[in-house]
>>> print(open('protein35.json').read())   # JSON, C-alpha atoms and all ligand atoms
[["chain", "number", "residue", "atom", "x", "y", "z"],
["A", 1, "MET", "CA", -68.02, 71.84, 13.75],
["A", 2, "GLU", "CA", -65.20, 70.38, 15.83],
["A", 3, "LEU", "CA", -63.43, 67.06, 15.90],
["A", 4, "VAL", "CA", -62.88, 66.12, 19.53],
["A", 5, "ILE", "CA", -60.42, 63.34, 20.32],
["A", 6, "GLU", "CA", -60.26, 62.18, 23.93],
["A", 7, "HIS", "CA", -57.85, 59.81, 25.64],
["A", 8, "LEU", "CA", -57.10, 57.82, 22.50],
["A", 9, "SER", "CA", -54.62, 54.96, 22.93],
["A", 10, "LYS", "CA", -53.39, 52.23, 20.64],
["A", 11, "THR", "CA", -50.83, 49.46, 21.08],
["A", 12, "TYR", "CA", -50.09, 47.26, 18.08],
["A", 13, "ALA", "CA", -49.85, 43.48, 18.37],
["A", 14, "ASN", "CA", -46.03, 43.75, 18.27],
["A", 15, "GLY", "CA", -46.12, 45.81, 21.49],
["A", 16, "VAL", "CA", -45.46, 49.24, 19.90],
["A", 17, "GLN", "CA", -47.50, 51.84, 21.75],
["A", 18, "ALA", "CA", -48.35, 54.12, 18.83],
["A", 19, "LEU", "CA", -50.86, 56.40, 20.61],
["A", 20, "ARG", "CA", -50.72, 57.27, 24.32],
["A", 21, "ASP", "CA", -53.73, 59.02, 25.76],
["A", 22, "VAL", "CA", -54.08, 61.48, 22.86],
["A", 23, "SER", "CA", -56.59, 64.31, 23.39],
["A", 24, "LEU", "CA", -57.05, 67.04, 20.78],
["A", 25, "THR", "CA", -59.78, 69.46, 19.73],
["A", 26, "ILE", "CA", -59.66, 70.32, 16.05],
["A", 27, "PRO", "CA", -61.79, 73.22, 14.77],
["A", 28, "THR", "CA", -62.74, 74.14, 11.19],
["A", 29, "GLY", "CA", -59.72, 75.30, 9.21],
["A", 30, "MET", "CA", -56.27, 73.92, 8.61],
["A", 31, "PHE", "CA", -54.87, 71.92, 11.49],
["A", 32, "GLY", "CA", -51.26, 70.77, 11.39],
["A", 33, "LEU", "CA", -50.24, 67.54, 13.05],
["A", 34, "LEU", "CA", -46.49, 67.70, 13.24],
["A", 35, "GLY", "CA", -44.11, 64.99, 14.38],
["A", 36, "PRO", "CA", -41.04, 63.00, 13.36],
["A", 37, "ASN", "CA", -41.31, 59.69, 11.52],
["A", 38, "GLY", "CA", -42.75, 57.04, 13.81],
["A", 39, "ALA", "CA", -44.49, 59.61, 16.05],
["A", 40, "GLY", "CA", -47.92, 58.05, 15.53],
["A", 41, "LYS", "CA", -49.37, 60.49, 12.99],
["A", 42, "SER", "CA", -50.55, 57.86, 10.50],
["A", 43, "SER", "CA", -51.94, 55.72, 13.30],
["A", 44, "LEU", "CA", -53.99, 58.68, 14.47],
["A", 45, "MET", "CA", -55.07, 59.61, 10.92],
["A", 46, "ARG", "CA", -56.11, 56.05, 10.13],
["A", 47, "THR", "CA", -58.10, 55.85, 13.35],
["A", 48, "ILE", "CA", -59.94, 59.10, 12.57],
["A", 49, "ALA", "CA", -60.55, 57.80, 9.04],
["A", 50, "THR", "CA", -62.16, 54.65, 10.55],
["A", 51, "LEU", "CA", -59.55, 52.41, 8.95],
["A", 52, "GLN", "CA", -58.29, 50.98, 12.21],
["A", 53, "GLU", "CA", -59.51, 50.50, 15.76],
["A", 54, "ALA", "CA", -58.27, 52.24, 18.89],
["A", 55, "ASP", "CA", -57.84, 50.32, 22.16],
["A", 56, "SER", "CA", -59.52, 53.04, 24.19],
["A", 57, "GLY", "CA", -60.71, 56.63, 23.96],
["A", 58, "SER", "CA", -63.26, 58.44, 21.83],
["A", 59, "ILE", "CA", -63.50, 60.60, 18.71],
["A", 60, "ARG", "CA", -66.51, 62.81, 18.04],
["A", 61, "LEU", "CA", -67.31, 64.96, 15.03],
["A", 62, "GLY", "CA", -70.14, 67.26, 16.10],
["A", 63, "GLY", "CA", -72.80, 64.81, 17.25],
["A", 64, "LEU", "CA", -71.21, 61.84, 15.51],
["A", 65, "ASP", "CA", -69.42, 59.09, 17.42],
["A", 66, "VAL", "CA", -66.68, 58.34, 14.90],
["A", 67, "LEU", "CA", -65.48, 55.04, 16.36],
["A", 68, "THR", "CA", -68.90, 53.41, 16.39],
["A", 69, "GLN", "CA", -70.75, 55.24, 13.58],
["A", 70, "LYS", "CA", -68.15, 54.36, 10.97],
["A", 71, "ASP", "CA", -70.41, 54.48, 7.92],
["A", 72, "ASP", "CA", -71.74, 57.91, 8.89],
["A", 73, "MET", "CA", -68.18, 59.15, 9.37],
["A", 74, "ARG", "CA", -67.10, 57.78, 5.97],
["A", 75, "ARG", "CA", -69.90, 59.74, 4.30],
["A", 76, "VAL", "CA", -68.52, 63.05, 5.56],
["A", 77, "LEU", "CA", -64.82, 62.23, 5.29],
["A", 78, "GLY", "CA", -62.28, 62.67, 2.54],
["A", 79, "TYR", "CA", -58.92, 60.97, 2.96],
["A", 80, "LEU", "CA", -55.67, 61.32, 1.09],
["A", 81, "PRO", "CA", -53.40, 58.58, 2.42],
["A", 82, "GLN", "CA", -49.61, 58.70, 2.42],
["A", 83, "GLU", "CA", -49.35, 56.14, -0.35],
["A", 84, "PHE", "CA", -52.00, 57.09, -2.85],
["A", 85, "GLY", "CA", -51.94, 54.62, -5.71],
["A", 86, "VAL", "CA", -53.53, 55.52, -9.03],
["A", 87, "TYR", "CA", -54.27, 53.34, -12.01],
["A", 88, "PRO", "CA", -51.64, 54.59, -14.47],
["A", 89, "LYS", "CA", -53.53, 53.86, -17.67],
["A", 90, "VAL", "CA", -56.80, 55.53, -16.70],
["A", 91, "SER", "CA", -57.51, 59.22, -17.27],
["A", 92, "ALA", "CA", -58.10, 61.54, -14.31],
["A", 93, "GLU", "CA", -61.63, 62.19, -15.46],
["A", 94, "ASP", "CA", -62.54, 58.50, -15.72],
["A", 95, "LEU", "CA", -60.96, 57.55, -12.41],
["A", 96, "LEU", "CA", -62.60, 60.43, -10.58],
["A", 97, "ASP", "CA", -65.93, 59.38, -12.08],
["A", 98, "HIS", "CA", -65.27, 55.85, -10.86],
["A", 99, "PHE", "CA", -64.47, 57.09, -7.32],
["A", 100, "ALA", "CA", -67.65, 59.18, -7.42],
["A", 101, "VAL", "CA", -69.67, 56.02, -8.12],
["A", 102, "LEU", "CA", -67.98, 54.33, -5.17],
["A", 103, "LYS", "CA", -68.78, 57.35, -3.03],
["A", 104, "GLY", "CA", -72.46, 56.76, -3.83],
["A", 105, "ILE", "CA", -73.08, 59.57, -6.32],
["A", 106, "SER", "CA", -75.31, 57.46, -8.56],
["A", 107, "ASN", "CA", -76.98, 60.18, -10.62],
["A", 108, "ALA", "CA", -74.90, 60.52, -13.84],
["A", 109, "LYS", "CA", -75.58, 64.21, -14.35],
["A", 110, "GLU", "CA", -74.78, 65.09, -10.76],
["A", 111, "ARG", "CA", -71.62, 63.00, -11.00],
["A", 112, "LYS", "CA", -70.48, 64.70, -14.18],
["A", 113, "GLU", "CA", -71.02, 68.11, -12.59],
["A", 114, "SER", "CA", -69.12, 67.30, -9.46],
["A", 115, "VAL", "CA", -66.22, 65.63, -11.34],
["A", 116, "THR", "CA", -65.93, 68.65, -13.63],
["A", 117, "ALA", "CA", -66.08, 71.10, -10.70],
["A", 118, "LEU", "CA", -63.38, 69.23, -8.80],
["A", 119, "LEU", "CA", -61.09, 68.95, -11.83],
["A", 120, "GLN", "CA", -61.42, 72.70, -12.22],
["A", 121, "LYS", "CA", -60.85, 73.38, -8.54],
["A", 122, "THR", "CA", -57.67, 71.31, -8.52],
["A", 123, "ASN", "CA", -56.51, 72.86, -11.78],
["A", 124, "LEU", "CA", -56.53, 69.54, -13.65],
["A", 125, "TYR", "CA", -59.36, 70.23, -16.05],
["A", 126, "ASP", "CA", -57.09, 70.86, -19.03],
["A", 127, "VAL", "CA", -55.29, 67.55, -18.47],
["A", 128, "ARG", "CA", -58.38, 65.53, -17.51],
["A", 129, "LYS", "CA", -58.08, 63.20, -20.53],
["A", 130, "LYS", "CA", -54.43, 62.42, -19.86],
["A", 131, "SER", "CA", -53.65, 59.10, -18.20],
["A", 132, "LEU", "CA", -52.56, 59.37, -14.58],
["A", 133, "GLY", "CA", -49.31, 57.52, -15.28],
["A", 134, "GLY", "CA", -48.09, 60.65, -17.08],
["A", 135, "TYR", "CA", -48.92, 63.00, -14.20],
["A", 136, "SER", "CA", -46.20, 64.69, -12.14],
["A", 137, "GLY", "CA", -46.04, 64.19, -8.37],
["A", 138, "GLY", "CA", -47.83, 67.47, -7.77],
["A", 139, "MET", "CA", -50.58, 66.66, -10.27],
["A", 140, "LYS", "CA", -51.12, 63.27, -8.62],
["A", 141, "GLN", "CA", -51.42, 64.94, -5.22],
["A", 142, "ARG", "CA", -53.95, 67.41, -6.60],
["A", 143, "PHE", "CA", -55.86, 64.50, -8.07],
["A", 144, "GLY", "CA", -55.73, 62.92, -4.61],
["A", 145, "ILE", "CA", -57.35, 66.05, -3.19],
["A", 146, "ALA", "CA", -60.00, 65.99, -5.92],
["A", 147, "GLN", "CA", -61.00, 62.44, -4.97],
["A", 148, "ALA", "CA", -60.91, 63.33, -1.24],
["A", 149, "LEU", "CA", -63.35, 66.18, -1.90],
["A", 150, "LEU", "CA", -65.95, 64.03, -3.67],
["A", 151, "GLY", "CA", -69.32, 64.11, -1.95],
["A", 152, "ASN", "CA", -68.69, 67.42, -0.12],
["A", 153, "PRO", "CA", -66.93, 66.12, 2.99],
["A", 154, "ARG", "CA", -67.01, 68.02, 6.31],
["A", 155, "ILE", "CA", -63.48, 66.91, 7.11],
["A", 156, "ILE", "CA", -60.48, 65.90, 5.05],
["A", 157, "ILE", "CA", -57.29, 64.25, 6.15],
["A", 158, "VAL", "CA", -54.07, 64.55, 4.20],
["A", 159, "ASP", "CA", -51.14, 62.44, 5.27],
["A", 160, "GLU", "CA", -47.63, 63.72, 4.36],
["A", 161, "PRO", "CA", -48.88, 65.40, 1.18],
["A", 162, "THR", "CA", -45.88, 67.47, 0.10],
["A", 163, "ALA", "CA", -43.09, 64.90, 0.43],
["A", 164, "GLY", "CA", -41.41, 64.71, -2.96],
["A", 165, "LEU", "CA", -43.01, 67.81, -4.46],
["A", 166, "ASP", "CA", -40.83, 70.50, -6.00],
["A", 167, "PRO", "CA", -41.19, 74.03, -4.56],
["A", 168, "ALA", "CA", -43.60, 75.27, -7.24],
["A", 169, "GLU", "CA", -45.83, 72.23, -6.92],
["A", 170, "ARG", "CA", -45.74, 72.46, -3.15],
["A", 171, "ASN", "CA", -46.82, 76.09, -3.36],
["A", 172, "ARG", "CA", -49.71, 75.27, -5.66],
["A", 173, "PHE", "CA", -50.75, 72.45, -3.38],
["A", 174, "HIS", "CA", -50.60, 74.77, -0.33],
["A", 175, "ASN", "CA", -52.86, 77.28, -2.04],
["A", 176, "LEU", "CA", -55.36, 74.58, -2.85],
["A", 177, "LEU", "CA", -55.39, 73.28, 0.72],
["A", 178, "SER", "CA", -55.80, 76.70, 2.30],
["A", 179, "GLU", "CA", -58.71, 77.44, -0.02],
["A", 180, "ILE", "CA", -60.40, 74.23, 1.12],
["A", 181, "GLY", "CA", -59.56, 74.94, 4.76],
["A", 182, "GLU", "CA", -61.78, 78.02, 4.76],
["A", 183, "GLU", "CA", -64.87, 75.88, 4.92],
["A", 184, "ILE", "CA", -64.14, 72.49, 6.44],
["A", 185, "ILE", "CA", -61.76, 70.77, 8.83],
["A", 186, "VAL", "CA", -58.49, 69.92, 7.09],
["A", 187, "ILE", "CA", -55.99, 67.86, 9.03],
["A", 188, "LEU", "CA", -52.53, 68.00, 7.58],
["A", 189, "SER", "CA", -50.19, 65.39, 8.95],
["A", 190, "THR", "CA", -46.54, 66.09, 8.21],
["A", 191, "HIS", "CA", -42.96, 66.06, 9.44],
["A", 192, "ILE", "CA", -42.25, 69.23, 7.44],
["A", 193, "VAL", "CA", -42.38, 72.18, 9.82],
["A", 194, "GLY", "CA", -42.70, 74.69, 6.99],
["A", 195, "ASP", "CA", -45.96, 73.14, 5.79],
["A", 196, "VAL", "CA", -47.53, 73.83, 9.17],
["A", 197, "SER", "CA", -46.11, 77.32, 9.69],
["A", 198, "ASP", "CA", -47.20, 78.36, 6.19],
["A", 199, "LEU", "CA", -50.72, 77.04, 6.39],
["A", 200, "CYS", "CA", -52.13, 76.23, 9.79],
["A", 201, "ARG", "CA", -53.88, 78.38, 12.36],
["A", 202, "ASN", "CA", -53.84, 75.51, 14.82],
["A", 203, "MET", "CA", -51.40, 72.71, 15.35],
["A", 204, "ALA", "CA", -50.21, 69.91, 17.58],
["A", 205, "ILE", "CA", -46.76, 68.42, 17.98],
["A", 206, "ILE", "CA", -46.79, 64.68, 18.55],
["A", 207, "ASN", "CA", -43.85, 62.47, 19.46],
["A", 208, "LYS", "CA", -43.74, 58.80, 20.48],
["A", 209, "GLY", "CA", -47.52, 58.67, 20.51],
["A", 210, "GLN", "CA", -47.93, 61.63, 22.84],
["A", 211, "VAL", "CA", -49.15, 65.16, 22.26],
["A", 212, "LEU", "CA", -46.36, 67.50, 23.36],
["A", 213, "LEU", "CA", -47.95, 70.82, 22.53],
["A", 214, "THR", "CA", -51.05, 72.32, 20.91],
["A", 215, "GLY", "CA", -51.85, 75.86, 19.88],
["A", 216, "ASP", "CA", -51.63, 78.60, 17.31],
["A", 217, "PRO", "CA", -48.16, 78.52, 15.66],
["A", 218, "LEU", "CA", -47.76, 82.28, 16.14],
["A", 219, "VAL", "CA", -48.55, 82.04, 19.85],
["A", 220, "VAL", "CA", -46.26, 79.11, 20.52],
["A", 221, "MET", "CA", -43.44, 80.86, 18.67],
["A", 222, "GLU", "CA", -44.04, 83.98, 20.74],
["A", 223, "GLN", "CA", -43.61, 81.94, 23.91],
["A", 224, "LEU", "CA", -40.02, 81.17, 22.92],
["A", 225, "ARG", "CA", -39.18, 84.80, 22.19],
["A", 226, "GLY", "CA", -35.95, 85.92, 23.84],
["A", 227, "LYS", "CA", -34.87, 82.36, 24.53],
["A", 228, "VAL", "CA", -33.37, 81.24, 21.21],
["A", 229, "TRP", "CA", -29.72, 81.99, 20.49],
["A", 230, "ARG", "CA", -27.49, 81.26, 17.55],
["A", 231, "ARG", "CA", -23.82, 80.97, 16.77],
["A", 232, "ALA", "CA", -21.56, 79.43, 14.17],
["A", 233, "VAL", "CA", -19.23, 76.71, 15.40],
["A", 234, "ASP", "CA", -16.66, 74.35, 13.96],
["A", 235, "LYS", "CA", -18.05, 70.89, 13.54],
["A", 236, "ASP", "CA", -15.73, 69.39, 16.14],
["A", 237, "GLN", "CA", -16.93, 71.86, 18.81],
["A", 238, "LEU", "CA", -20.49, 70.59, 18.50],
["A", 239, "PRO", "CA", -20.37, 67.56, 20.84],
["A", 240, "ARG", "CA", -19.00, 69.67, 23.72],
["A", 241, "LEU", "CA", -21.60, 72.36, 23.16],
["A", 242, "GLN", "CA", -24.33, 69.74, 23.18],
["A", 243, "GLN", "CA", -23.16, 68.59, 26.59],
["A", 244, "GLU", "CA", -22.94, 72.08, 28.01],
["A", 245, "MET", "CA", -26.16, 73.64, 26.76],
["A", 246, "GLU", "CA", -29.51, 72.89, 25.23],
["A", 247, "VAL", "CA", -28.70, 72.70, 21.53],
["A", 248, "ILE", "CA", -32.01, 72.29, 19.69],
["A", 249, "SER", "CA", -30.70, 72.22, 16.15],
["A", 250, "SER", "CA", -27.54, 72.39, 14.13],
["A", 251, "ARG", "CA", -27.33, 72.84, 10.43],
["A", 252, "LEU", "CA", -24.79, 73.62, 7.81],
["A", 253, "PHE", "CA", -24.92, 77.05, 6.27],
["A", 254, "ALA", "CA", -22.30, 78.29, 3.84],
["A", 255, "GLY", "CA", -19.97, 75.51, 4.97],
["A", 256, "ARG", "CA", -20.24, 76.31, 8.69],
["A", 257, "THR", "CA", -22.32, 74.72, 11.40],
["A", 258, "ILE", "CA", -24.99, 77.03, 12.81],
["A", 259, "VAL", "CA", -26.40, 75.95, 16.14],
["A", 260, "HIS", "CA", -29.59, 77.12, 17.82],
["A", 261, "VAL", "CA", -29.64, 76.97, 21.61],
["A", 262, "VAL", "CA", -32.52, 77.52, 24.04],
["A", 263, "SER", "CA", -31.56, 79.47, 27.12],
["A", 264, "ASP", "CA", -33.23, 82.06, 29.38],
["A", 265, "GLY", "CA", -30.17, 84.29, 29.13],
["A", 266, "ARG", "CA", -27.36, 84.68, 26.59],
["A", 267, "PRO", "CA", -25.50, 81.36, 26.80],
["A", 268, "GLY", "CA", -22.11, 82.82, 25.83],
["A", 269, "VAL", "CA", -20.46, 85.89, 24.29],
["A", 270, "ASP", "CA", -20.47, 84.45, 20.79],
["A", 271, "PHE", "CA", -24.21, 83.92, 20.73],
["A", 272, "GLU", "CA", -26.69, 86.29, 19.16],
["A", 273, "PRO", "CA", -30.45, 86.30, 19.76],
["A", 274, "VAL", "CA", -32.74, 85.05, 16.97],
["A", 275, "GLU", "CA", -36.44, 85.34, 16.26],
["A", 276, "PRO", "CA", -37.88, 81.95, 17.14],
["A", 277, "ASN", "CA", -39.50, 80.10, 14.27],
["A", 278, "LEU", "CA", -41.76, 77.06, 14.37],
["A", 279, "GLU", "CA", -38.81, 74.79, 13.78],
["A", 280, "ASP", "CA", -37.23, 76.07, 17.02],
["A", 281, "VAL", "CA", -40.47, 75.34, 18.88],
["A", 282, "TYR", "CA", -40.60, 71.89, 17.34],
["A", 283, "PHE", "CA", -37.01, 70.92, 18.13],
["A", 284, "ALA", "CA", -37.15, 72.49, 21.60],
["A", 285, "ARG", "CA", -40.22, 70.44, 22.50],
["A", 286, "ILE", "CA", -38.87, 67.20, 21.08],
["A", 287, "ALA", "CA", -35.54, 67.76, 22.90],
["A", 288, "GLU", "CA", -37.36, 68.51, 26.14],
["A", 289, "ALA", "CA", -39.48, 65.36, 25.86],
["A", 290, "THR", "CA", -36.44, 63.24, 25.05],
["A", 291, "ARG", "CA", -34.57, 64.65, 28.06],
["A", 292, "ALA", "CA", -37.55, 64.01, 30.33],
["A", 293, "GLN", "CA", -37.58, 60.42, 29.16],
["A", 294, "VAL", "CA", -33.87, 59.91, 29.77],
["A", 295, "VAL", "CA", -34.26, 61.28, 33.32],
["A", 296, "ALA", "CA", -37.35, 59.17, 34.05],
["A", 301, "LIG", "P1", -45.86, 58.30, 11.69],
["A", 301, "LIG", "O1", -47.02, 58.36, 10.77],
["A", 301, "LIG", "O2", -45.79, 59.49, 12.61],
["A", 301, "LIG", "O3", -44.56, 58.04, 11.00],
["A", 301, "LIG", "P2", -46.94, 55.72, 12.52],
["A", 301, "LIG", "O4", -48.30, 55.93, 13.09],
["A", 301, "LIG", "O5", -46.84, 55.20, 11.13],
["A", 301, "LIG", "O6", -46.09, 57.07, 12.70],
["A", 301, "LIG", "O7", -46.14, 54.71, 13.47],
["A", 301, "LIG", "C1", -46.07, 54.85, 14.88],
["A", 301, "LIG", "C2", -45.36, 53.64, 15.45],
["A", 301, "LIG", "O8", -46.17, 52.49, 15.30],
["A", 301, "LIG", "C3", -44.05, 53.32, 14.76],
["A", 301, "LIG", "O9", -43.16, 52.82, 15.74],
["A", 301, "LIG", "C4", -44.42, 52.24, 13.76],
["A", 301, "LIG", "O10", -43.33, 51.40, 13.49],
["A", 301, "LIG", "C5", -45.52, 51.51, 14.50],
["A", 301, "LIG", "N1", -46.54, 50.93, 13.61],
["A", 301, "LIG", "C6", -47.28, 51.58, 12.69],
["A", 301, "LIG", "N2", -48.15, 50.74, 12.10],
["A", 301, "LIG", "C7", -47.97, 49.54, 12.66],
["A", 301, "LIG", "C8", -48.58, 48.26, 12.49],
["A", 301, "LIG", "N3", -49.56, 48.06, 11.61],
["A", 301, "LIG", "N4", -48.12, 47.23, 13.25],
["A", 301, "LIG", "C9", -47.14, 47.42, 14.15],
["A", 301, "LIG", "N5", -46.52, 48.59, 14.37],
["A", 301, "LIG", "C10", -46.93, 49.65, 13.63]]
>>> encode(input="protein35.json", output="structure tokens")
Amino acid sequence: MELVIEHLSKTYANGVQALRDVSLTIPTGMFGLLGPNGAGKSSLMRTIATLQEADSGSIRLGGLDVLTQKDDMRRVLGYLPQEFGVYPKVSAEDLLDHFAVLKGISNAKERKESVTALLQKTNLYDVRKKSLGGYSGGMKQRFGIAQALLGNPRIIIVDEPTAGLDPAERNRFHNLLSEIGEEIIVILSTHIVGDVSDLCRNMAIINKGQVLLTGDPLVVMEQLRGKVWRRAVDKDQLPRLQQEMEVISSRLFAGRTIVHVVSDGRPGVDFEPVEPNLEDVYFARIAEATRAQVVA
């Protein structure tokens, strides 16, 4: 099954154009939606999740018209929003049971089975009696996935799921997501490039409401091969370099500033070639789009 988004646009009442003619085809598996804060990711996720209206465009999931058949979409959708509040005094098992009732699983035995299976899948079974207030960030996120998976959804949406997780928790959460992504559509919305390069076979980069690039992370990285160069500079050299060449990123490493530059040929004697990574693709595209806008 595929989720097909065509020409989706949205302008909020305050005049912010959050989505500009967005078209994307999202197949089964993990799909990464990558963009800086304010890019329009949540607006897109909320629209797919039927929580807000678009001004124009369409979204289809197989034969389902998502924007008009909202109830049908909700039946096959699991959603983990950015801010997932839990009732701190309730145990994971009780709250999941409660969500299962809301999801329409009315048969008690069936509900018990699916709650137990999901607690096991998300590795929370041993702590199922513990109140959610005592859960770590990673445990809460795994609980969020458990509730999103209730009722066997065909598609799940996770919005910025690893922000605030420590590396071990993030790893555990990644493994859980990729396991789920073998069977259904999982859309992972994030500003963390590493989440997408670790997990996703397909991705899109979105900025200022527009899709800048779509594809397989490995393929888009390959397209930059031979064009990314690196050198260490003193901090005060950076502004001049930024004027003279296309600096896509600069970061401190061992007390020095390491810049990455995109250029068809070696931009200077001090530069060495580097293997492009997804972060280079990301920053190169965002820089290109920003430049195009300044020129326009
Ligand atoms: P992201 O999830 O990528 O950070 P959002 O979809 O939250 O992006 O926001 C896109 C743009 O729309 C931002 O400029 C944001 O301030 C604006 N925005 C988001 N929600 C609303 C809203 N309910 N009303 C007005 N502006 C909004």
>>> closest_residue(input="protein35.json", among="A:Leu176, A:Leu119, A:Val281, A:Leu95", to="A:Pro217", atoms="only C-alpha atoms")
A:Val281
>>> residues_near_ligand(input="protein35.json", ligand="ligand LIG 301 (chain A)", cutoff="12 Å", atoms="only C-alpha atoms and all ligand atoms", output="CSV table (one decimal) with C-alpha atoms, in the frame of the given file")
chain,number,residue,atom,x,y,z
A,9,SER,CA,-54.6,55.0,22.9
A,10,LYS,CA,-53.4,52.2,20.6
A,11,THR,CA,-50.8,49.5,21.1
A,12,TYR,CA,-50.1,47.3,18.1
A,13,ALA,CA,-49.8,43.5,18.4
A,14,ASN,CA,-46.0,43.8,18.3
A,15,GLY,CA,-46.1,45.8,21.5
A,16,VAL,CA,-45.5,49.2,19.9
A,17,GLN,CA,-47.5,51.8,21.8
A,18,ALA,CA,-48.4,54.1,18.8
A,19,LEU,CA,-50.9,56.4,20.6
A,20,ARG,CA,-50.7,57.3,24.3
A,33,LEU,CA,-50.2,67.5,13.0
A,34,LEU,CA,-46.5,67.7,13.2
A,35,GLY,CA,-44.1,65.0,14.4
A,36,PRO,CA,-41.0,63.0,13.4
A,37,ASN,CA,-41.3,59.7,11.5
A,38,GLY,CA,-42.8,57.0,13.8
A,39,ALA,CA,-44.5,59.6,16.0
A,40,GLY,CA,-47.9,58.0,15.5
A,41,LYS,CA,-49.4,60.5,13.0
A,42,SER,CA,-50.6,57.9,10.5
A,43,SER,CA,-51.9,55.7,13.3
A,44,LEU,CA,-54.0,58.7,14.5
A,45,MET,CA,-55.1,59.6,10.9
A,46,ARG,CA,-56.1,56.0,10.1
A,47,THR,CA,-58.1,55.8,13.4
A,51,LEU,CA,-59.6,52.4,9.0
A,52,GLN,CA,-58.3,51.0,12.2
A,53,GLU,CA,-59.5,50.5,15.8
A,81,PRO,CA,-53.4,58.6,2.4
A,82,GLN,CA,-49.6,58.7,2.4
A,83,GLU,CA,-49.4,56.1,-0.4
A,158,VAL,CA,-54.1,64.6,4.2
A,159,ASP,CA,-51.1,62.4,5.3
A,160,GLU,CA,-47.6,63.7,4.4
A,188,LEU,CA,-52.5,68.0,7.6
A,189,SER,CA,-50.2,65.4,9.0
A,190,THR,CA,-46.5,66.1,8.2
A,191,HIS,CA,-43.0,66.1,9.4
A,192,ILE,CA,-42.2,69.2,7.4
A,205,ILE,CA,-46.8,68.4,18.0
A,206,ILE,CA,-46.8,64.7,18.6
A,207,ASN,CA,-43.8,62.5,19.5
A,208,LYS,CA,-43.7,58.8,20.5
A,209,GLY,CA,-47.5,58.7,20.5
A,210,GLN,CA,-47.9,61.6,22.8
A,211,VAL,CA,-49.2,65.2,22.3
>>> residues_around(input="protein35.json", residues="A:Gly151", least_positions_apart="2", cutoff="8 Å", atoms="only C-alpha atoms", output="list in words")
Arg75, Val76, Ala100, Lys103, Ile105, Leu149 and Pro153 of chain A
>>> atom_distance(input="protein35.json", atom1="atom CA of A:Leu67", atom2="atom CA of A:Leu80")
19.2 Å
>>> closest_atom_pairs(input="protein35.json", of="stretch 123-204 of chain A", to="stretch 59-65 of chain A", cutoff="12 Å", atoms="all atoms listed in the file", output="Markdown table")
| residue | atom | partner | partner_atom | distance |
| --- | --- | --- | --- | --- |
| A:Arg154 | CA | A:Leu61 | CA | 9.2 |
| A:Ile155 | CA | A:Leu61 | CA | 9.0 |
| A:Ile184 | CA | A:Leu61 | CA | 11.9 |
| A:Ile185 | CA | A:Leu61 | CA | 10.1 |
>>> closest_residue(input="protein35.json", among="A:Gln147, A:Asn277, A:Asn152, A:Gln223", to="A:Ser249", atoms="all atoms listed in the file")
A:Asn277
>>> closest_residue(input="protein35.json", among="A:Val261, A:Val233, A:Leu150, A:Met30", to="A:Asp280", atoms="only C-alpha atoms")
A:Val261
>>> residues_around(input="protein35.json", residues="A:Asp270", least_positions_apart="2", cutoff="8 Å", atoms="all atoms listed in the file", output="list in words")
Arg231, Gly268 and Glu272 of chain A
>>> closest_residue(input="protein35.json", among="A:Asp264, A:Asp216, A:Lys140, A:Gly32", to="A:Leu199", atoms="all atoms listed in the file")
A:Gly32
>>> atom_distance(input="protein35.json", atom1="atom CA of A:Phe31", atom2="atom CA of A:Ile187")
4.9 Å
>>> atom_distance(input="protein35.json", atom1="atom CA of A:Gln242", atom2="atom CA of A:Ala204")
26.5 Å
>>> residues_around(input="protein35.json", residues="A:Val193", least_positions_apart="6", cutoff="8 Å", atoms="all atoms listed in the file", output="list in words")
Leu34, Leu278, Glu279 and Tyr282 of chain A
